[in-house]
$ cat query.cif   # mmCIF, C-alpha atoms
data_coords
loop_
_atom_site.label_atom_id
_atom_site.label_comp_id
_atom_site.auth_asym_id
_atom_site.auth_seq_id
_atom_site.Cartn_x
_atom_site.Cartn_y
_atom_site.Cartn_z
CA MET G 1 -45.11 -130.39 105.73
CA GLU G 2 -45.24 -130.70 101.94
CA LYS G 3 -42.34 -129.41 99.80
CA PRO G 4 -43.13 -126.87 97.10
CA GLU G 5 -43.36 -128.06 93.61
CA GLY G 6 -40.24 -127.46 91.49
CA LYS G 7 -39.06 -127.78 87.91
CA SER G 8 -36.86 -130.61 86.71
CA ARG G 9 -33.35 -129.61 85.73
CA LEU G 10 -33.41 -131.44 82.45
CA GLY G 11 -36.93 -131.78 81.22
CA GLY G 12 -38.46 -128.54 82.35
CA GLY G 13 -41.78 -130.25 83.32
CA LYS G 14 -43.38 -130.31 86.74
CA GLN G 15 -43.03 -133.34 88.93
CA GLN G 16 -45.61 -134.03 91.58
CA LYS G 17 -44.83 -135.91 94.71
CA GLY G 18 -45.27 -139.56 94.02
CA GLY G 19 -46.49 -138.88 90.48
CA PRO G 20 -45.10 -140.06 87.12
CA VAL G 21 -42.23 -138.30 85.36
CA SER G 22 -43.26 -135.93 82.56
CA SER G 23 -42.83 -136.91 78.93
CA SER G 24 -40.14 -134.28 78.24
CA SER G 25 -37.86 -135.55 80.98
CA SER G 26 -38.40 -139.17 80.01
CA TYR G 27 -36.36 -138.61 76.85
CA VAL G 28 -33.41 -137.47 78.91
CA LEU G 29 -33.53 -140.28 81.45
CA SER G 30 -34.13 -143.06 78.94
CA ARG G 31 -30.82 -144.69 77.80
CA SER G 32 -32.46 -146.78 75.11
CA PHE G 33 -33.31 -143.69 73.15
CA THR G 34 -29.62 -142.88 72.52
CA MET G 35 -29.00 -146.22 70.80
CA HIS G 36 -31.98 -146.17 68.44
CA THR G 37 -32.25 -142.50 67.55
CA LYS G 38 -31.38 -141.56 63.98
CA PRO G 39 -28.54 -139.06 63.56
CA THR G 40 -30.82 -136.55 61.82
CA GLU G 41 -33.36 -136.38 64.66
CA ALA G 42 -33.04 -133.81 67.43
CA TYR G 43 -32.00 -135.14 70.82
CA PRO G 44 -34.25 -134.67 72.67
CA PRO G 45 -36.91 -133.39 70.28
CA ASN G 46 -37.96 -130.50 72.50
CA LEU G 47 -34.36 -129.35 73.28
CA PRO G 48 -33.62 -125.71 72.37
CA ALA G 49 -31.50 -125.06 69.25
CA SER G 50 -28.69 -123.56 71.33
CA LEU G 51 -28.25 -126.82 73.22
CA ASP G 52 -28.73 -129.17 70.28
CA ARG G 53 -25.52 -131.21 69.72
CA SER G 54 -26.72 -133.42 66.91
CA GLY G 55 -24.29 -133.59 64.04
CA SER G 56 -21.45 -132.19 66.15
CA THR G 57 -19.40 -135.34 65.64
CA ARG G 58 -19.71 -135.05 61.88
CA SER G 59 -18.73 -131.39 61.83
CA ARG G 60 -15.83 -132.00 64.18
CA GLY G 61 -14.57 -134.92 62.08
CA SER G 62 -14.78 -132.94 58.87
CA GLY G 63 -12.87 -130.06 60.40
CA PHE G 64 -10.08 -132.37 61.54
CA TYR G 65 -8.70 -132.70 58.00
CA THR G 66 -8.92 -129.03 57.13
CA PRO G 67 -5.41 -128.00 58.35
CA PHE G 68 -3.77 -130.90 56.49
CA SER G 69 -5.63 -130.08 53.31
CA SER G 70 -4.54 -126.44 53.49
CA LEU G 71 -0.93 -127.45 54.27
CA ARG G 72 -0.88 -129.81 51.29
CA GLY G 73 -2.13 -127.02 49.09
CA LYS G 74 0.62 -124.67 50.28
CA VAL G 75 3.29 -127.29 49.64
CA ASN G 76 2.03 -127.91 46.13
CA LYS G 77 1.94 -124.18 45.48
CA LEU G 78 5.55 -123.71 46.64
CA ARG G 79 6.68 -126.71 44.62
CA SER G 80 5.12 -125.38 41.47
CA LEU G 81 6.71 -121.98 42.15
CA PHE G 82 10.24 -123.39 42.47
CA ASP G 83 9.75 -125.71 39.49
CA SER G 84 8.74 -122.80 37.33
CA LYS G 85 11.81 -120.79 38.41
CA SER G 86 14.23 -123.65 37.72
CA SER G 87 12.68 -124.35 34.34
CA SER G 88 12.95 -120.69 33.40
CA LYS G 89 16.65 -120.65 34.34
CA ASP G 90 17.40 -123.77 32.35
CA SER G 91 15.53 -122.49 29.33
CA SER G 92 17.27 -119.11 29.28
CA PRO G 93 19.71 -118.92 26.33
CA SER G 94 22.27 -116.90 28.29
CA SER G 95 22.78 -119.62 30.88
CA LYS G 96 23.12 -122.28 28.20
CA ASP G 97 25.68 -120.28 26.26
CA SER G 98 27.73 -119.42 29.34
CA HIS G 99 27.79 -123.06 30.42
CA HIS G 100 28.67 -124.26 26.94
CA HIS G 101 31.51 -121.80 26.44
CA ARG G 102 32.87 -121.99 29.98
CA PRO G 103 36.64 -122.49 29.76
CA SER G 104 37.91 -125.74 31.24
CA LYS G 105 40.75 -125.70 33.74
CA LEU G 106 41.68 -129.30 33.02
CA GLY G 107 44.10 -130.30 30.34
CA PRO G 108 43.25 -132.48 27.35
CA ALA G 109 42.17 -135.99 28.24
CA ARG G 110 44.81 -138.68 27.72
CA SER G 111 43.79 -141.39 25.30
CA LEU G 112 43.91 -144.95 26.59
CA SER G 113 45.33 -146.15 23.30
CA SER G 114 48.60 -144.35 24.19
CA PRO G 115 48.76 -144.59 27.99
CA THR G 116 52.41 -143.68 28.43
CA TYR G 117 54.09 -140.27 28.57
CA PRO G 118 56.89 -140.27 25.97
CA SER G 119 58.50 -137.17 27.47
CA ILE G 120 59.13 -138.89 30.84
CA ARG G 121 61.34 -141.94 30.75
CA LEU G 122 63.29 -143.91 33.33
CA PRO G 123 66.84 -144.63 32.13
CA GLY G 124 68.00 -148.24 32.26
CA SER G 125 64.51 -149.77 32.50
CA GLU G 126 63.60 -150.33 28.86
CA ASN G 127 63.13 -154.09 29.34
CA ARG G 128 61.43 -154.15 32.72
CA ILE G 129 58.46 -152.95 34.77
CA VAL G 130 59.38 -150.60 37.60
CA VAL G 131 57.02 -149.75 40.47
CA TYR G 132 57.94 -147.16 43.08
CA PHE G 133 55.92 -147.75 46.24
CA THR G 134 56.07 -147.72 50.03
CA SER G 135 55.52 -150.53 52.50
CA LEU G 136 54.89 -148.22 55.47
CA HIS G 137 51.37 -147.87 56.89
CA GLY G 138 51.79 -144.18 57.69
CA ILE G 139 49.11 -143.00 55.24
CA ARG G 140 46.34 -145.50 54.77
CA ARG G 141 45.24 -144.35 51.30
CA THR G 142 48.81 -144.43 49.98
CA PHE G 143 49.47 -147.87 51.40
CA GLU G 144 46.23 -149.26 49.96
CA ASP G 145 47.03 -147.84 46.49
CA CYS G 146 50.53 -149.31 46.56
CA TYR G 147 49.21 -152.69 47.65
CA ALA G 148 46.48 -152.68 44.97
CA VAL G 149 48.95 -151.89 42.16
CA ARG G 150 51.36 -154.60 43.30
CA MET G 151 48.55 -157.18 43.41
CA ILE G 152 47.45 -156.22 39.88
CA PHE G 153 50.90 -156.92 38.47
CA ARG G 154 51.26 -160.10 40.50
CA GLY G 155 48.01 -161.28 39.00
CA PHE G 156 49.67 -161.18 35.56
CA ARG G 157 52.70 -163.06 37.00
CA VAL G 158 55.12 -160.68 35.31
CA TRP G 159 58.47 -159.83 36.78
CA VAL G 160 58.31 -156.40 38.44
CA ASP G 161 61.22 -154.36 39.74
CA GLU G 162 59.64 -153.15 42.99
CA ARG G 163 61.47 -150.19 44.50
CA ASP G 164 60.40 -149.46 48.05
CA VAL G 165 61.24 -145.84 48.87
CA SER G 166 60.76 -146.51 52.60
CA MET G 167 63.53 -149.11 52.51
CA ASP G 168 65.99 -147.08 50.44
CA LEU G 169 66.05 -143.28 50.35
CA GLU G 170 67.93 -143.27 47.05
CA TYR G 171 64.82 -144.53 45.26
CA LYS G 172 62.88 -141.49 46.42
CA LYS G 173 65.58 -139.13 45.17
CA GLU G 174 65.69 -141.03 41.89
CA LEU G 175 61.92 -140.71 41.39
CA GLN G 176 61.98 -136.99 42.21
CA ALA G 177 64.73 -136.43 39.65
CA VAL G 178 62.86 -138.31 36.90
CA LEU G 179 59.49 -136.62 37.46
CA GLY G 180 61.01 -133.22 38.18
CA GLU G 181 58.94 -132.76 41.34
CA ARG G 182 59.89 -132.63 44.98
CA ASN G 183 56.61 -133.97 46.36
CA VAL G 184 55.55 -137.07 44.48
CA SER G 185 52.66 -139.38 45.28
CA LEU G 186 52.97 -143.14 45.43
CA PRO G 187 52.82 -145.53 43.67
CA GLN G 188 54.43 -144.56 40.35
CA VAL G 189 54.71 -147.05 37.48
CA PHE G 190 57.06 -147.26 34.49
CA ILE G 191 56.53 -149.88 31.80
CA GLY G 192 59.33 -150.41 29.28
CA GLY G 193 61.03 -147.21 30.47
CA ALA G 194 57.95 -145.06 29.76
CA TYR G 195 56.01 -143.38 32.52
CA VAL G 196 52.47 -144.73 32.95
CA GLY G 197 51.18 -142.96 36.05
CA GLY G 198 49.87 -143.68 39.50
CA ALA G 199 47.29 -146.02 40.97
CA ASP G 200 44.32 -144.50 39.15
CA ALA G 201 46.00 -144.84 35.75
CA VAL G 202 46.96 -148.47 36.37
CA LYS G 203 43.48 -149.37 37.61
CA GLN G 204 41.86 -147.72 34.59
CA LEU G 205 44.14 -149.55 32.17
CA HIS G 206 43.46 -152.80 33.98
CA ASP G 207 39.67 -152.30 33.83
CA THR G 208 39.72 -151.55 30.10
CA GLY G 209 42.00 -154.51 29.30
CA GLU G 210 44.82 -152.40 27.84
CA LEU G 211 47.23 -153.20 30.65
CA ALA G 212 47.27 -156.83 29.54
CA LYS G 213 48.29 -155.71 26.03
CA LEU G 214 51.16 -153.65 27.42
CA LEU G 215 52.43 -156.64 29.43
CA ASP G 216 52.35 -159.21 26.64
CA ARG G 217 56.02 -158.78 25.75
CA PHE G 218 57.31 -159.31 29.30
CA PRO G 219 58.20 -162.80 30.58
CA ARG G 220 56.02 -164.58 33.11
CA ARG G 221 57.03 -166.13 36.39
CA ALA G 222 56.03 -169.59 37.53
CA PRO G 223 52.77 -169.74 39.49
CA GLY G 224 53.38 -169.32 43.22
CA PHE G 225 57.00 -168.31 42.77
CA VAL G 226 58.58 -166.69 45.85
CA CYS G 227 62.23 -165.68 46.12
CA ASN G 228 64.05 -167.90 48.57
CA GLY G 229 66.60 -165.22 49.38
CA CYS G 230 64.37 -162.32 50.44
CA GLY G 231 60.82 -163.67 50.42
CA ASP G 232 59.85 -161.12 47.76
CA MET G 233 60.96 -158.25 49.98
CA ARG G 234 63.67 -157.33 47.45
CA PHE G 235 66.13 -156.48 50.24
CA VAL G 236 68.45 -158.52 52.46
CA PRO G 237 70.86 -157.50 55.26
CA CYS G 238 74.22 -156.36 54.05
CA PRO G 239 76.68 -159.31 54.09
CA ASN G 240 79.60 -156.95 54.64
CA CYS G 241 78.38 -155.38 57.89
CA SER G 242 75.48 -157.73 58.75
CA GLY G 243 73.09 -154.81 58.68
CA SER G 244 74.88 -152.75 61.33
CA ARG G 245 76.21 -150.19 58.82
CA LYS G 246 79.58 -150.27 60.63
CA ILE G 247 82.78 -152.10 59.83
CA PHE G 248 86.10 -152.22 61.63
CA ASP G 249 89.32 -151.85 59.67
CA GLU G 250 92.22 -153.65 61.29
CA ASP G 251 94.73 -151.37 59.59
CA ASP G 252 93.09 -148.23 60.97
CA GLU G 253 94.13 -147.62 64.61
CA GLY G 254 94.13 -151.28 65.50
CA GLY G 255 90.56 -151.91 64.39
CA VAL G 256 89.05 -149.96 67.28
CA VAL G 257 87.39 -147.08 65.43
CA PRO G 258 84.46 -148.19 63.21
CA ARG G 259 83.68 -146.66 59.89
CA ARG G 260 80.56 -146.46 57.73
CA CYS G 261 79.87 -149.41 55.42
CA SER G 262 79.85 -148.30 51.81
CA GLU G 263 77.96 -151.27 50.38
CA CYS G 264 74.55 -150.88 52.06
CA ASN G 265 71.95 -148.17 52.34
CA GLU G 266 70.91 -146.13 55.36
CA ASN G 267 69.03 -149.13 56.77
CA GLY G 268 71.93 -151.58 56.41
CA LEU G 269 70.22 -153.37 53.48
CA VAL G 270 71.22 -154.30 49.97
CA ARG G 271 69.21 -155.43 46.99
CA CYS G 272 68.53 -159.15 46.87
CA PRO G 273 71.09 -160.74 44.51
CA GLY G 274 68.70 -163.59 43.72
CA CYS G 275 65.72 -161.68 42.32
CA CYS G 276 67.05 -158.17 41.69
CA SER G 277 70.15 -158.92 39.65
#

$ encode --input "query.cif" --output "structure tokens"
Amino acid sequence: MEKPEGKSRLGGGKQQKGGPVSSSSSYVLSRSFTMHTKPTEAYPPNLPASLDRSGSTRSRGSGFYTPFSSLRGKVNKLRSLFDSKSSSKDSSPSSKDSHHHRPSKLGPARSLSSPTYPSIRLPGSENRIVVYFTSLHGIRRTFEDCYAVRMIFRGFRVWVDERDVSMDLEYKKELQAVLGERNVSLPQVFIGGAYVGGADAVKQLHDTGELAKLLDRFPRRAPGFVCNGCGDMRFVPCPNCSGSRKIFDEDDEGGVVPRRCSECNENGLVRCPGCCS
């Protein structure tokens, strides 16, 4: 029994049993046509306009950049808006006048030509350089500042009276009395009896070359000099009590009850007689 004739799904032409394929469907089934067809030609030529996909790749590719183009335009618009506002604020005379006449909370700048404070002086140190510092590592910034100031003066090979407040509490009380403050930062430097300042002041004078001028009148030490008595620690154990802070008096109750040594500090130390005399 013969099957009824039907239409092709793609071409739309009739196909007889055992007969050749129609011309309209040959365009769909031929793969060579897709490689040699020009982009402007319809594919296939007899395809309805609703199913024609020619040029879809071009339209899709062009639409791919549309969101980025619009986003770039918005960014440029916002940038121009903020730039115009900032320029208008800077150009306003009221803002300029208020900024120009704004009162300063800082005091007058100290001239480097006169780095010392004549009103603050350390008695008994007119012919020496005195540095109050600490050798403890409790506060890293303070220890680094003290170390930097000491190395600056050692680079000039000048004799420095280094007073470690962590080794002798009396130095801390002495510095508080001179500066008139209870809480003082370290290090603090006095040159020729006059107060110079802390680490920032010494570093600034050293960078500008004025510290070398202030140290010209002080004697120099020999290169590589180290005190044999204390090793440049400026303190040695007390020879009276051997650093124990206690002595025994034979005349007082048979020498059984100790008493406090009066020649050393709270740590049982005294100033080195070799380099601190």

$ resolve_selection --input "query.cif" --expression "the PyMOL selection byres ((chain G and resi 120-133) around 9)" --output "NGL selection string"
:G and (116-119 or 134-135 or 142-143 or 145-147 or 149-150 or 158-166 or 171-172 or 175 or 178-179 or 186-195 or 215 or 218)

$ closest_residue --input "query.cif" --among "G:Val257, G:Ile152, G:Val75, G:Cys264" --to "G:Gln204" --atoms "only C-alpha atoms"
G:Ile152

$ atom_distance --input "query.cif" --atom1 "atom CA of G:Leu269" --atom2 "atom CA of G:Ala177"
22.5 Å

$ atom_distance --input "query.cif" --atom1 "atom CA of G:Ser185" --atom2 "atom CA of G:Leu214"
22.9 Å

$ atom_distance --input "query.cif" --atom1 "atom CA of G:Phe153" --atom2 "atom CA of G:His206"
9.6 Å

$ closest_residue --input "query.cif" --among "G:Arg182, G:Arg271, G:Ala212, G:Arg141" --to "G:Gly229" --atoms "only C-alpha atoms"
G:Arg271

$ closest_residue --input "query.cif" --among "G:Val202, G:Met167, G:Val226, G:Leu78" --to "G:Gly268" --atoms "all atoms listed in the file"
G:Met167

$ residues_near_point --input "query.cif" --point "(73.6, -158.4, 51.2)" --cutoff "9 Å" --atoms "all atoms listed in the file" --output "list in words"
Phe235, Val236, Pro237, Cys238, Pro239, Asn240, Cys241, Ser242, Gly243, Glu263, Cys264, Gly268, Leu269, Val270, Arg271, Cys272 and Pro273 of chain G

$ decode --input "query.cif" --residues "stretch 137-153 of chain G" --atoms "N, CA, C and O atoms" --output "PDB file, in the first residue's frame"
ATOM      1  N   HIS G 137      63.138  48.529  77.235  1.00  0.00           N
ATOM      2  CA  HIS G 137      62.408  48.285  75.984  1.00  0.00           C
ATOM      3  C   HIS G 137      60.908  48.279  76.205  1.00  0.00           C
ATOM      4  O   HIS G 137      60.178  47.629  75.448  1.00  0.00           O
ATOM      5  N   GLY G 138      60.432  48.935  77.245  1.00  0.00           N
ATOM      6  CA  GLY G 138      59.005  48.902  77.551  1.00  0.00           C
ATOM      7  C   GLY G 138      58.150  49.504  76.454  1.00  0.00           C
ATOM      8  O   GLY G 138      57.153  48.915  76.027  1.00  0.00           O
ATOM      9  N   ILE G 139      58.538  50.672  75.963  1.00  0.00           N
ATOM     10  CA  ILE G 139      57.823  51.343  74.875  1.00  0.00           C
ATOM     11  C   ILE G 139      58.775  51.408  73.682  1.00  0.00           C
ATOM     12  O   ILE G 139      59.837  52.030  73.766  1.00  0.00           O
ATOM     13  N   ARG G 140      58.380  50.784  72.608  1.00  0.00           N
ATOM     14  CA  ARG G 140      59.292  50.630  71.480  1.00  0.00           C
ATOM     15  C   ARG G 140      59.671  51.973  70.882  1.00  0.00           C
ATOM     16  O   ARG G 140      60.834  52.218  70.566  1.00  0.00           O
ATOM     17  N   ARG G 141      58.686  52.861  70.689  1.00  0.00           N
ATOM     18  CA  ARG G 141      58.978  54.163  70.065  1.00  0.00           C
ATOM     19  C   ARG G 141      59.940  54.965  70.927  1.00  0.00           C
ATOM     20  O   ARG G 141      60.883  55.590  70.421  1.00  0.00           O
ATOM     21  N   THR G 142      59.737  54.952  72.236  1.00  0.00           N
ATOM     22  CA  THR G 142      60.625  55.699  73.134  1.00  0.00           C
ATOM     23  C   THR G 142      62.038  55.131  73.110  1.00  0.00           C
ATOM     24  O   THR G 142      63.026  55.882  73.056  1.00  0.00           O
ATOM     25  N   PHE G 143      62.141  53.822  73.125  1.00  0.00           N
ATOM     26  CA  PHE G 143      63.479  53.207  73.090  1.00  0.00           C
ATOM     27  C   PHE G 143      64.194  53.517  71.774  1.00  0.00           C
ATOM     28  O   PHE G 143      65.395  53.810  71.766  1.00  0.00           O
ATOM     29  N   GLU G 144      63.475  53.456  70.658  1.00  0.00           N
ATOM     30  CA  GLU G 144      64.092  53.750  69.369  1.00  0.00           C
ATOM     31  C   GLU G 144      64.544  55.202  69.274  1.00  0.00           C
ATOM     32  O   GLU G 144      65.613  55.492  68.724  1.00  0.00           O
ATOM     33  N   ASP G 145      63.765  56.136  69.818  1.00  0.00           N
ATOM     34  CA  ASP G 145      64.165  57.552  69.813  1.00  0.00           C
ATOM     35  C   ASP G 145      65.400  57.773  70.671  1.00  0.00           C
ATOM     36  O   ASP G 145      66.318  58.520  70.283  1.00  0.00           O
ATOM     37  N   CYS G 146      65.433  57.145  71.833  1.00  0.00           N
ATOM     38  CA  CYS G 146      66.604  57.292  72.706  1.00  0.00           C
ATOM     39  C   CYS G 146      67.856  56.717  72.039  1.00  0.00           C
ATOM     40  O   CYS G 146      68.938  57.323  72.097  1.00  0.00           O
ATOM     41  N   TYR G 147      67.706  55.581  71.420  1.00  0.00           N
ATOM     42  CA  TYR G 147      68.853  54.957  70.752  1.00  0.00           C
ATOM     43  C   TYR G 147      69.337  55.803  69.578  1.00  0.00           C
ATOM     44  O   TYR G 147      70.549  55.965  69.375  1.00  0.00           O
ATOM     45  N   ALA G 148      68.395  56.371  68.805  1.00  0.00           N
ATOM     46  CA  ALA G 148      68.778  57.191  67.654  1.00  0.00           C
ATOM     47  C   ALA G 148      69.531  58.447  68.087  1.00  0.00           C
ATOM     48  O   ALA G 148      70.547  58.824  67.470  1.00  0.00           O
ATOM     49  N   VAL G 149      69.076  59.098  69.150  1.00  0.00           N
ATOM     50  CA  VAL G 149      69.750  60.317  69.628  1.00  0.00           C
ATOM     51  C   VAL G 149      71.147  59.984  70.146  1.00  0.00           C
ATOM     52  O   VAL G 149      72.121  60.713  69.880  1.00  0.00           O
ATOM     53  N   ARG G 150      71.286  58.898  70.861  1.00  0.00           N
ATOM     54  CA  ARG G 150      72.606  58.516  71.367  1.00  0.00           C
ATOM     55  C   ARG G 150      73.570  58.204  70.221  1.00  0.00           C
ATOM     56  O   ARG G 150      74.753  58.570  70.273  1.00  0.00           O
ATOM     57  N   MET G 151      73.086  57.553  69.183  1.00  0.00           N
ATOM     58  CA  MET G 151      73.949  57.236  68.041  1.00  0.00           C
ATOM     59  C   MET G 151      74.345  58.504  67.277  1.00  0.00           C
ATOM     60  O   MET G 151      75.445  58.578  66.719  1.00  0.00           O
ATOM     61  N   ILE G 152      73.479  59.486  67.231  1.00  0.00           N
ATOM     62  CA  ILE G 152      73.824  60.745  66.557  1.00  0.00           C
ATOM     63  C   ILE G 152      74.994  61.417  67.261  1.00  0.00           C
ATOM     64  O   ILE G 152      75.967  61.852  66.621  1.00  0.00           O
ATOM     65  N   PHE G 153      74.927  61.499  68.581  1.00  0.00           N
ATOM     66  CA  PHE G 153      76.014  62.137  69.324  1.00  0.00           C
ATOM     67  C   PHE G 153      77.291  61.291  69.292  1.00  0.00           C
ATOM     68  O   PHE G 153      78.396  61.851  69.263  1.00  0.00           O
TER      69      PHE G 153
END
